[in-house]
file upload34.txt (compact mmCIF, C-alpha atoms)
# COMPACT_ATOMS: atom_id res chain seq x y z
CA MET A 28 329.80 -107.26 218.64
CA GLU A 29 333.42 -107.35 219.74
CA LEU A 30 334.46 -104.78 217.14
CA ARG A 31 331.71 -102.44 218.26
CA GLN A 32 332.77 -102.69 221.91
CA ILE A 33 336.46 -102.04 221.20
CA HIS A 34 335.85 -98.77 219.34
CA ASN A 35 332.89 -97.73 221.53
CA TRP A 36 330.70 -97.31 218.48
CA LYS A 37 327.04 -96.66 218.82
CA ILE A 38 324.89 -97.85 216.00
CA LEU A 39 321.70 -95.73 215.77
CA PRO A 40 318.50 -97.22 214.52
CA ARG A 41 317.50 -96.30 210.96
CA ASN A 42 314.58 -94.09 212.10
CA ASN A 43 316.86 -92.01 214.35
CA ILE A 44 319.35 -91.49 211.51
CA CYS A 45 316.57 -90.05 209.33
CA CYS A 46 315.51 -87.64 212.11
CA VAL A 47 319.08 -86.36 212.53
CA TRP A 48 319.42 -85.81 208.77
CA ARG A 49 316.16 -83.86 208.62
CA THR A 50 317.14 -81.69 211.60
CA ASN A 51 320.48 -80.82 210.03
CA SER A 52 318.77 -79.98 206.73
CA TYR A 53 316.37 -77.57 208.45
CA PHE A 54 319.26 -75.94 210.28
CA ILE A 55 321.24 -75.44 207.04
CA PHE A 56 318.14 -74.00 205.32
CA ILE A 57 317.61 -71.43 208.12
CA VAL A 58 321.28 -70.38 208.03
CA VAL A 59 321.17 -69.85 204.25
CA LEU A 60 317.93 -67.83 204.56
CA LEU A 61 319.42 -65.52 207.21
CA MET A 62 322.54 -64.96 205.09
CA SER A 63 320.36 -64.04 202.09
CA ILE A 64 318.44 -61.46 204.15
CA GLN A 65 321.65 -59.88 205.44
CA LEU A 66 323.05 -59.70 201.91
CA SER A 67 319.90 -57.98 200.59
CA ASP A 68 320.08 -55.40 203.42
CA ALA A 69 323.72 -54.73 202.62
CA ILE A 70 323.01 -53.78 199.01
CA ARG A 71 319.84 -51.80 199.80
CA PRO A 72 320.22 -47.96 199.66
CA THR A 73 320.60 -46.50 203.13
CA GLY A 74 319.19 -43.30 204.52
CA PRO A 75 315.73 -41.98 205.43
CA PHE A 76 314.65 -41.46 201.86
CA ARG A 77 313.00 -43.23 198.99
CA ILE A 78 314.18 -43.28 195.41
CA GLU A 79 311.16 -41.38 194.17
CA GLU A 80 311.76 -38.67 196.80
CA THR A 81 315.18 -37.96 195.40
CA MET A 82 313.74 -37.23 191.97
CA PRO A 83 312.49 -33.63 191.68
CA SER A 84 309.14 -33.11 189.95
CA LEU A 85 308.96 -31.73 186.43
CA ASP A 86 307.25 -28.58 187.73
CA VAL A 87 310.12 -27.85 190.13
CA LYS A 88 312.70 -28.52 187.40
CA LYS A 89 310.88 -26.17 185.05
CA ALA A 90 310.62 -23.48 187.73
CA VAL A 91 314.36 -23.67 188.46
CA GLU A 92 315.19 -23.51 184.74
CA ASN A 93 312.94 -20.46 184.25
CA LYS A 94 314.49 -18.60 187.17
CA THR A 95 317.98 -19.52 186.00
CA ASP A 96 317.18 -18.07 182.56
CA GLN A 97 315.83 -14.88 184.13
CA LEU A 98 318.95 -14.56 186.27
CA GLY A 99 321.08 -15.00 183.17
CA GLU A 100 319.19 -12.22 181.37
CA TYR A 101 319.60 -9.95 184.39
CA LEU A 102 323.36 -10.55 184.60
CA LYS A 103 323.82 -9.98 180.85
CA GLU A 104 322.60 -6.42 181.31
CA PHE A 105 325.46 -5.64 183.69
CA PHE A 106 328.08 -8.11 182.41
CA PRO A 107 327.65 -8.38 178.62
CA ASN A 108 329.72 -10.91 176.65
CA GLN A 109 330.91 -12.70 179.80
CA ASP A 110 330.35 -16.29 180.83
CA ARG A 111 329.08 -17.25 184.27
CA GLU A 112 332.54 -17.90 185.70
CA GLN A 113 333.72 -14.42 184.71
CA VAL A 114 330.55 -12.82 186.07
CA VAL A 115 330.89 -14.53 189.45
CA SER A 116 334.56 -13.56 189.63
CA ASN A 117 333.76 -9.90 188.83
CA ILE A 118 331.01 -9.76 191.46
CA ALA A 119 333.28 -11.35 194.04
CA HIS A 120 336.12 -8.89 193.45
CA SER A 121 334.09 -5.75 192.78
CA SER A 122 334.90 -2.67 194.82
CA ASN A 123 331.44 -2.69 196.40
CA SER A 124 331.69 -6.31 197.47
CA GLN A 125 331.30 -6.80 201.22
CA LEU A 126 332.09 -10.49 201.20
CA SER A 127 334.60 -11.87 203.65
CA PRO A 128 337.08 -13.41 203.98
CA ARG A 129 338.98 -12.33 200.89
CA SER A 130 340.19 -15.86 200.22
CA GLY A 131 337.54 -18.01 198.61
CA ARG A 132 335.39 -15.09 197.56
CA THR A 133 334.42 -16.68 194.24
CA GLU A 134 333.09 -19.83 195.90
CA HIS A 135 331.26 -17.77 198.51
CA THR A 136 329.72 -15.58 195.81
CA GLU A 137 328.50 -18.66 193.94
CA LYS A 138 326.71 -19.82 197.09
CA LEU A 139 325.13 -16.41 197.60
CA ILE A 140 323.90 -16.35 194.00
CA SER A 141 322.31 -19.76 194.60
CA LYS A 142 320.54 -18.29 197.64
CA VAL A 143 319.32 -15.38 195.51
CA THR A 144 317.87 -17.87 193.03
CA LYS A 145 316.09 -19.73 195.84
CA GLU A 146 314.57 -16.46 197.07
CA ALA A 147 313.35 -15.77 193.53
CA LEU A 148 311.73 -19.22 193.40
CA LYS A 149 309.70 -18.43 196.52
CA ALA A 150 308.18 -15.39 194.79
CA GLN A 151 307.61 -17.10 191.45
CA CYS A 152 304.19 -16.99 189.82
CA ARG A 153 303.40 -20.70 189.91
CA GLU A 154 300.98 -21.53 192.72
CA PRO A 155 298.01 -19.50 194.01
CA ARG A 156 298.04 -18.05 197.50
CA GLN A 157 295.24 -17.67 200.01
CA VAL A 158 293.54 -14.27 199.93
CA LEU A 159 290.60 -12.77 201.77
CA VAL A 160 287.64 -11.89 199.54
CA ASP A 161 284.28 -10.27 200.18
CA SER A 162 281.48 -12.85 200.27
CA TYR A 163 278.92 -10.35 198.95
CA LYS A 164 281.05 -9.60 195.87
CA GLU A 165 281.75 -13.28 195.23
CA LEU A 166 278.05 -14.09 195.41
CA GLY A 167 276.96 -11.01 193.49
CA ILE A 168 274.77 -9.76 196.35
CA ALA A 169 274.55 -6.04 197.06
CA LYS A 170 275.08 -4.87 200.62
CA GLY A 171 272.53 -2.83 202.54
CA PHE A 172 269.40 -4.15 200.81
CA GLY A 173 268.11 -6.52 203.47
CA THR A 174 270.22 -9.57 202.60
CA LYS A 175 272.77 -10.55 205.24
CA ILE A 176 275.49 -13.12 204.52
CA TYR A 177 277.59 -15.00 207.05
CA PRO A 178 280.57 -15.19 206.91
CA SER A 179 281.00 -11.81 205.27
CA CYS A 180 284.51 -12.79 204.10
CA ILE A 181 286.03 -16.08 202.97
CA VAL A 182 289.52 -17.33 202.12
CA VAL A 183 290.15 -18.64 198.59
CA ASP A 184 293.17 -19.50 196.44
CA ARG A 185 293.87 -16.80 193.89
CA CYS A 186 296.76 -15.97 191.57
CA ARG A 187 296.48 -12.19 191.63
CA ASN A 188 299.45 -10.71 193.53
CA SER A 189 300.65 -14.25 194.31
CA GLY A 190 303.88 -14.12 192.28
CA CYS A 191 306.45 -11.91 190.65
CA CYS A 192 306.65 -11.48 186.87
CA GLN A 193 308.54 -9.32 184.40
CA GLU A 194 307.41 -5.73 183.89
CA SER A 195 305.38 -6.54 180.78
CA LYS A 196 303.60 -9.52 182.40
CA GLU A 197 301.30 -10.18 185.32
CA CYS A 198 300.56 -13.24 187.45
CA ARG A 199 297.20 -14.70 186.42
CA ALA A 200 295.37 -18.01 186.64
CA SER A 201 296.12 -20.62 183.99
CA ARG A 202 293.68 -23.12 185.50
CA THR A 203 290.51 -22.33 187.44
CA SER A 204 287.78 -24.48 188.96
CA ASN A 205 284.64 -23.92 191.01
CA VAL A 206 284.31 -25.09 194.60
CA THR A 207 281.16 -25.22 196.71
CA ARG A 208 281.09 -23.06 199.84
CA GLN A 209 278.46 -22.92 202.56
CA PHE A 210 276.96 -19.67 203.88
CA LEU A 211 274.08 -18.43 205.99
CA LYS A 212 271.76 -16.18 203.99
CA ASN A 213 269.29 -14.40 206.26
CA GLY A 214 269.56 -17.30 208.72
CA VAL A 215 269.08 -20.01 206.09
CA LEU A 216 271.80 -22.41 204.89
CA TYR A 217 272.95 -21.45 201.42
CA GLU A 218 275.44 -23.09 199.03
CA ALA A 219 277.21 -21.31 196.20
CA SER A 220 280.07 -21.93 193.77
CA VAL A 221 283.21 -19.84 194.22
CA ALA A 222 286.08 -19.60 191.74
CA LYS A 223 289.32 -21.20 192.90
CA ASP A 224 292.59 -20.82 190.98
CA GLY A 225 294.53 -24.05 190.56
CA ALA A 226 297.71 -22.86 188.82
CA CYS A 227 299.31 -19.53 187.99
CA GLU A 228 301.35 -18.23 185.08
CA CYS A 229 302.98 -14.98 184.02
CA MET A 230 300.83 -13.68 181.16
CA GLN A 231 301.26 -10.70 178.89
CA LYS A 232 299.56 -7.56 180.10
CA PRO A 233 296.92 -6.05 177.79
CA ALA A 234 298.52 -3.74 175.26
CA PHE A 235 295.87 -1.10 175.73
CA CYS A 236 293.98 0.39 178.65
CA PRO A 237 291.45 3.18 178.21
CA GLU A 238 292.82 6.56 179.12
CA THR A 239 291.75 7.20 182.67
CA ASN A 240 293.01 8.63 185.91
CA ARG A 241 295.65 6.16 187.12
CA THR A 242 296.11 7.85 190.49
CA CYS A 243 295.16 5.22 193.05
CA PRO A 244 294.02 5.73 196.66
CA ALA A 245 296.09 4.65 199.64
CA GLY A 246 296.67 0.91 199.79
CA LYS A 247 296.12 0.40 196.05
CA GLN A 248 298.22 0.41 192.89
CA TRP A 249 297.43 0.52 189.19
CA SER A 250 297.08 -2.79 187.33
CA ASP A 251 297.47 -2.74 183.54
CA SER A 252 295.81 -6.14 183.17
CA ALA A 253 292.72 -5.16 185.17
CA CYS A 254 292.82 -1.54 183.93
CA LYS A 255 292.02 -0.35 187.44
CA CYS A 256 293.47 0.15 190.90
CA VAL A 257 293.97 -3.05 192.88
CA CYS A 258 295.11 -3.75 196.43
CA LYS A 259 298.84 -3.89 197.06
CA PRO A 260 300.10 -7.29 198.27
CA CYS A 261 300.45 -8.09 201.96
CA PRO A 262 303.42 -9.46 203.90
CA HIS A 263 303.81 -13.22 204.23
CA LEU A 264 301.11 -14.92 206.39
CA PHE A 265 298.79 -11.88 206.21
CA LEU A 266 295.68 -11.96 204.03
CA ILE A 267 294.27 -9.16 201.90
CA ASP A 268 290.83 -7.77 202.60
CA GLU A 269 289.82 -6.93 199.04
CA GLU A 270 287.32 -4.31 200.20
CA THR A 271 289.54 -2.25 202.51
CA CYS A 272 292.98 -3.43 201.21
CA THR A 273 294.09 -4.08 204.80
CA CYS A 274 296.37 -6.96 205.76
CA ASP A 275 294.92 -9.04 208.57
CA CYS A 276 295.35 -12.49 210.14
CA LEU A 277 293.03 -15.46 210.29
CA VAL A 278 291.79 -16.12 213.82
CA SER A 279 293.45 -19.55 213.81
CA ASN A 280 296.82 -18.41 212.42
CA ARG A 281 299.12 -18.13 215.45
CA LEU A 282 302.26 -17.37 213.44
CA CYS A 283 300.55 -14.40 211.79
CA LYS A 284 299.27 -13.12 215.14
CA ASN A 285 302.79 -13.22 216.58
CA HIS A 286 303.74 -10.65 213.92
CA ALA A 287 300.60 -8.61 214.54
CA LYS A 288 301.35 -8.49 218.27
CA GLY A 289 304.94 -7.40 217.66
CA LYS A 290 306.50 -10.59 219.01
CA LYS A 291 308.29 -11.20 215.71
CA SER A 292 309.56 -9.03 212.87
CA ILE A 293 308.44 -9.60 209.29
CA SER A 294 310.95 -10.76 206.69
CA THR A 295 313.50 -8.36 205.22
CA GLU A 296 311.94 -8.82 201.78
CA ASP A 297 308.47 -7.83 203.02
CA CYS A 298 309.93 -4.96 205.04
CA ASN A 299 311.70 -3.51 201.99
CA CYS A 300 308.56 -3.97 199.92
CA ILE A 301 306.58 -1.90 202.43
CA LYS A 302 309.29 0.78 202.55
CA SER A 303 309.23 1.05 198.75
CA GLY A 304 305.46 1.50 198.78
CA MET A 305 304.82 -1.67 196.77
CA CYS A 306 303.23 -3.58 199.68
CA ASN A 307 300.72 -2.72 202.39
CA PRO A 308 301.79 -2.82 206.05
CA PRO A 309 300.24 -5.39 208.39
CA GLN A 310 297.36 -4.64 210.73
CA CYS A 311 298.82 -4.55 214.25
CA ILE A 312 297.13 -5.60 217.48
CA ASN A 313 297.33 -2.83 220.10
CA GLY A 314 299.94 -0.84 218.21
CA ASN A 315 301.27 0.44 214.90
CA TYR A 316 303.70 -0.88 212.32
CA ASN A 317 307.22 0.56 212.58
CA ALA A 318 309.00 0.57 209.20
CA ASP A 319 312.45 1.04 210.77
CA LEU A 320 312.06 -1.97 213.08
CA CYS A 321 310.09 -4.03 210.53
CA LYS A 322 307.59 -5.02 213.21
CA CYS A 323 304.48 -3.96 215.09
CA VAL A 324 305.19 -1.81 218.13
CA HIS A 325 302.86 -1.41 221.10
CA GLU A 326 301.58 2.06 221.81
CA GLU A 327 302.59 3.58 225.12
CA ARG A 328 299.64 4.57 227.27
call {"tool": "encode", "arguments": {"input": "upload34.txt", "output": "structure tokens"}}
result
Amino acid sequence: MELRQIHNWKILPRNNICCVWRTNSYFIFIVVLLMSIQLSDAIRPTGPFRIEETMPSLDVKKAVENKTDQLGEYLKEFFPNQDREQVVSNIAHSSNSQLSPRSGRTEHTEKLISKVTKEALKAQCREPRQVLVDSYKELGIAKGFGTKIYPSCIVVDRCRNSGCCQESKECRASRTSNVTRQFLKNGVLYEASVAKDGACECMQKPAFCPETNRTCPAGKQWSDSACKCVCKPCPHLFLIDEETCTCDCLVSNRLCKNHAKGKKSISTEDCNCIKSGMCNPPQCINGNYNADLCKCVHEER
């Protein structure tokens, strides 16, 4: 007892010693667990992406490779027996080049060529686009014989005029399925199957078309694959009316209506297509399409 009093020692009971040991063990365990979590966060990839999102799909890779091959064939026609580096250098320093500044022209040209390839990918024949078709034709019902269908037009995914191909080929469906659509036939509900294209591909045009008059009416152009006149494509966002070949908007499509009202101009690509006569102009609301301004213009009253 004297020794304990001199050194001011406090002897804890055995039960208390066990409680202190357990408490310290829990504390150490929690500290180790927190350190492990911090370490796992430190080695985890950062950024708002997932690993699978960084891996492009095989379809996209194939599309890029195809367009790169087509670009290579195009450049060979103007720059034969030259590699890509020489071609880019020649384009950058050609007399007609309008690139600026003069320093770094080659790098700037390479970026512009990449943009050209991206524009080509947008127009590639790969996925179907929405088009406006006549319900009577889809259902095989003649007009004017007492049968009335509502709606008279529907929107479906089709490959025709949905992508750009080489001169000897045409964009056609490589996979097609049937979907069920609902109609009103003389006031009675009516269901019917409508063809829907699932994938598109550039296919060889038929080698032979019967000799016929290939002069097409306004709004149409000759198709070697169909051996007849078909509607010219419409600008982006506008849908083709297969019966009249006019380019109109869906009631619910605000972006399209902004173009139809003249609030926005159509793209330069679509504008040039209309000027060349390869595309139909859009249907304007309260006005007419102006090819010089690339937009709908209101009529003065």
call {"tool": "closest_residue", "arguments": {"input": "upload34.txt", "among": "A:Phe105, A:Phe265, A:Tyr316, A:Trp249", "to": "Val182 in chain A", "atoms": "all atoms listed in the file"}}
result
A:Phe265
call {"tool": "closest_residue", "arguments": {"input": "upload34.txt", "among": "A:Cys236, A:Cys152, A:Cys256, A:Val324", "to": "Gln193 in chain A", "atoms": "all atoms listed in the file"}}
result
A:Cys152
call {"tool": "residues_around", "arguments": {"input": "upload34.txt", "residues": "Cys306 in chain A", "least_positions_apart": "5", "cutoff": "9 Å", "atoms": "all atoms listed in the file", "output": "PyMOL selection string"}}
result
chain A and resi 246-247+258-262+297-301
call {"tool": "residues_around", "arguments": {"input": "upload34.txt", "residues": "Lys170 in chain A", "least_positions_apart": "6", "cutoff": "12 Å", "atoms": "all atoms listed in the file", "output": "list in words"}}
result
Asp161, Ser162, Tyr163, Lys164, Ile176 and Ser179 of chain A
call {"tool": "atom_distance", "arguments": {"input": "upload34.txt", "atom1": "CA of Glu269 in chain A", "atom2": "CA of Val160 in chain A"}}
result
5.4 Å
call {"tool": "closest_residue", "arguments": {"input": "upload34.txt", "among": "A:Cys272, A:Cys186, A:Val206, A:Ile140", "to": "Met230 in chain A", "atoms": "all atoms listed in the file"}}
result
A:Cys186
call {"tool": "decode", "arguments": {"input": "upload34.txt", "residues": "range 240-264 of chain A", "atoms": "N, CA, C and O atoms", "output": "PDB file, in the first residue's frame"}}
result
ATOM      1  N   ASN A 240     -38.904   7.350-119.630  1.00  0.00           N
ATOM      2  CA  ASN A 240     -38.680   8.783-119.509  1.00  0.00           C
ATOM      3  C   ASN A 240     -38.201   9.095-118.095  1.00  0.00           C
ATOM      4  O   ASN A 240     -38.945   8.918-117.121  1.00  0.00           O
ATOM      5  N   ARG A 241     -36.959   9.523-117.953  1.00  0.00           N
ATOM      6  CA  ARG A 241     -36.387   9.793-116.642  1.00  0.00           C
ATOM      7  C   ARG A 241     -36.523  11.254-116.236  1.00  0.00           C
ATOM      8  O   ARG A 241     -35.888  11.689-115.282  1.00  0.00           O
ATOM      9  N   THR A 242     -37.329  12.012-116.942  1.00  0.00           N
ATOM     10  CA  THR A 242     -37.587  13.394-116.558  1.00  0.00           C
ATOM     11  C   THR A 242     -38.600  13.402-115.423  1.00  0.00           C
ATOM     12  O   THR A 242     -39.722  12.913-115.570  1.00  0.00           O
ATOM     13  N   CYS A 243     -38.201  13.921-114.283  1.00  0.00           N
ATOM     14  CA  CYS A 243     -39.045  13.876-113.091  1.00  0.00           C
ATOM     15  C   CYS A 243     -39.736  15.213-112.864  1.00  0.00           C
ATOM     16  O   CYS A 243     -39.188  16.275-113.203  1.00  0.00           O
ATOM     17  N   PRO A 244     -40.905  15.208-112.261  1.00  0.00           N
ATOM     18  CA  PRO A 244     -41.601  16.462-111.935  1.00  0.00           C
ATOM     19  C   PRO A 244     -40.899  17.204-110.811  1.00  0.00           C
ATOM     20  O   PRO A 244     -39.970  16.686-110.185  1.00  0.00           O
ATOM     21  N   ALA A 245     -41.357  18.407-110.554  1.00  0.00           N
ATOM     22  CA  ALA A 245     -40.753  19.240-109.503  1.00  0.00           C
ATOM     23  C   ALA A 245     -40.830  18.530-108.152  1.00  0.00           C
ATOM     24  O   ALA A 245     -41.850  17.929-107.806  1.00  0.00           O
ATOM     25  N   GLY A 246     -39.738  18.598-107.411  1.00  0.00           N
ATOM     26  CA  GLY A 246     -39.689  17.981-106.088  1.00  0.00           C
ATOM     27  C   GLY A 246     -39.240  16.536-106.092  1.00  0.00           C
ATOM     28  O   GLY A 246     -39.078  15.935-105.026  1.00  0.00           O
ATOM     29  N   LYS A 247     -39.032  15.946-107.310  1.00  0.00           N
ATOM     30  CA  LYS A 247     -38.611  14.557-107.389  1.00  0.00           C
ATOM     31  C   LYS A 247     -37.324  14.414-108.189  1.00  0.00           C
ATOM     32  O   LYS A 247     -36.954  15.304-108.950  1.00  0.00           O
ATOM     33  N   GLN A 248     -36.652  13.280-108.013  1.00  0.00           N
ATOM     34  CA  GLN A 248     -35.448  12.957-108.764  1.00  0.00           C
ATOM     35  C   GLN A 248     -35.448  11.473-109.103  1.00  0.00           C
ATOM     36  O   GLN A 248     -36.108  10.671-108.430  1.00  0.00           O
ATOM     37  N   TRP A 249     -34.705  11.124-110.148  1.00  0.00           N
ATOM     38  CA  TRP A 249     -34.705   9.742-110.604  1.00  0.00           C
ATOM     39  C   TRP A 249     -33.901   8.854-109.672  1.00  0.00           C
ATOM     40  O   TRP A 249     -32.812   9.213-109.211  1.00  0.00           O
ATOM     41  N   SER A 250     -34.433   7.656-109.375  1.00  0.00           N
ATOM     42  CA  SER A 250     -33.742   6.675-108.547  1.00  0.00           C
ATOM     43  C   SER A 250     -33.495   5.424-109.375  1.00  0.00           C
ATOM     44  O   SER A 250     -34.439   4.799-109.869  1.00  0.00           O
ATOM     45  N   ASP A 251     -32.222   5.059-109.549  1.00  0.00           N
ATOM     46  CA  ASP A 251     -31.879   3.862-110.326  1.00  0.00           C
ATOM     47  C   ASP A 251     -32.325   2.581-109.620  1.00  0.00           C
ATOM     48  O   ASP A 251     -32.654   1.589-110.275  1.00  0.00           O
ATOM     49  N   SER A 252     -32.302   2.597-108.294  1.00  0.00           N
ATOM     50  CA  SER A 252     -32.685   1.387-107.559  1.00  0.00           C
ATOM     51  C   SER A 252     -34.192   1.138-107.636  1.00  0.00           C
ATOM     52  O   SER A 252     -34.643  -0.006-107.748  1.00  0.00           O
ATOM     53  N   ALA A 253     -34.972   2.218-107.574  1.00  0.00           N
ATOM     54  CA  ALA A 253     -36.429   2.071-107.652  1.00  0.00           C
ATOM     55  C   ALA A 253     -36.933   2.133-109.085  1.00  0.00           C
ATOM     56  O   ALA A 253     -38.092   1.807-109.351  1.00  0.00           O
ATOM     57  N   CYS A 254     -36.052   2.553-110.006  1.00  0.00           N
ATOM     58  CA  CYS A 254     -36.423   2.704-111.420  1.00  0.00           C
ATOM     59  C   CYS A 254     -37.631   3.627-111.584  1.00  0.00           C
ATOM     60  O   CYS A 254     -38.534   3.362-112.395  1.00  0.00           O
ATOM     61  N   LYS A 255     -37.655   4.683-110.799  1.00  0.00           N
ATOM     62  CA  LYS A 255     -38.737   5.656-110.897  1.00  0.00           C
ATOM     63  C   LYS A 255     -38.320   6.946-110.206  1.00  0.00           C
ATOM     64  O   LYS A 255     -37.252   7.016-109.565  1.00  0.00           O
ATOM     65  N   CYS A 256     -39.151   7.953-110.335  1.00  0.00           N
ATOM     66  CA  CYS A 256     -38.894   9.234-109.674  1.00  0.00           C
ATOM     67  C   CYS A 256     -39.305   9.138-108.207  1.00  0.00           C
ATOM     68  O   CYS A 256     -40.389   8.628-107.892  1.00  0.00           O
ATOM     69  N   VAL A 257     -38.440   9.620-107.334  1.00  0.00           N
ATOM     70  CA  VAL A 257     -38.726   9.627-105.897  1.00  0.00           C
ATOM     71  C   VAL A 257     -38.541  11.043-105.366  1.00  0.00           C
ATOM     72  O   VAL A 257     -37.909  11.891-106.002  1.00  0.00           O
ATOM     73  N   CYS A 258     -39.102  11.284-104.191  1.00  0.00           N
ATOM     74  CA  CYS A 258     -39.005  12.616-103.585  1.00  0.00           C
ATOM     75  C   CYS A 258     -37.562  12.948-103.216  1.00  0.00           C
ATOM     76  O   CYS A 258     -36.810  12.086-102.741  1.00  0.00           O
ATOM     77  N   LYS A 259     -37.182  14.190-103.447  1.00  0.00           N
ATOM     78  CA  LYS A 259     -35.869  14.651-102.996  1.00  0.00           C
ATOM     79  C   LYS A 259     -35.870  14.758-101.470  1.00  0.00           C
ATOM     80  O   LYS A 259     -36.917  14.983-100.856  1.00  0.00           O
ATOM     81  N   PRO A 260     -34.714  14.597-100.836  1.00  0.00           N
ATOM     82  CA  PRO A 260     -34.670  14.677 -99.368  1.00  0.00           C
ATOM     83  C   PRO A 260     -34.976  16.074 -98.855  1.00  0.00           C
ATOM     84  O   PRO A 260     -34.868  17.064 -99.587  1.00  0.00           O
ATOM     85  N   CYS A 261     -35.353  16.133 -97.590  1.00  0.00           N
ATOM     86  CA  CYS A 261     -35.700  17.397 -96.935  1.00  0.00           C
ATOM     87  C   CYS A 261     -34.563  17.860 -96.033  1.00  0.00           C
ATOM     88  O   CYS A 261     -33.702  17.067 -95.646  1.00  0.00           O
ATOM     89  N   PRO A 262     -34.564  19.136 -95.660  1.00  0.00           N
ATOM     90  CA  PRO A 262     -33.577  19.611 -94.683  1.00  0.00           C
ATOM     91  C   PRO A 262     -33.759  18.911 -93.338  1.00  0.00           C
ATOM     92  O   PRO A 262     -34.803  18.311 -93.064  1.00  0.00           O
ATOM     93  N   HIS A 263     -32.742  19.003 -92.511  1.00  0.00           N
ATOM     94  CA  HIS A 263     -32.763  18.401 -91.184  1.00  0.00           C
ATOM     95  C   HIS A 263     -33.961  18.893 -90.383  1.00  0.00           C
ATOM     96  O   HIS A 263     -34.317  20.074 -90.445  1.00  0.00           O
ATOM     97  N   LEU A 264     -34.615  17.990 -89.660  1.00  0.00           N
ATOM     98  CA  LEU A 264     -35.790  18.212 -88.816  1.00  0.00           C
ATOM     99  C   LEU A 264     -37.104  18.163 -89.593  1.00  0.00           C
ATOM    100  O   LEU A 264     -38.154  17.881 -89.037  1.00  0.00           O
TER     101      LEU A 264
END
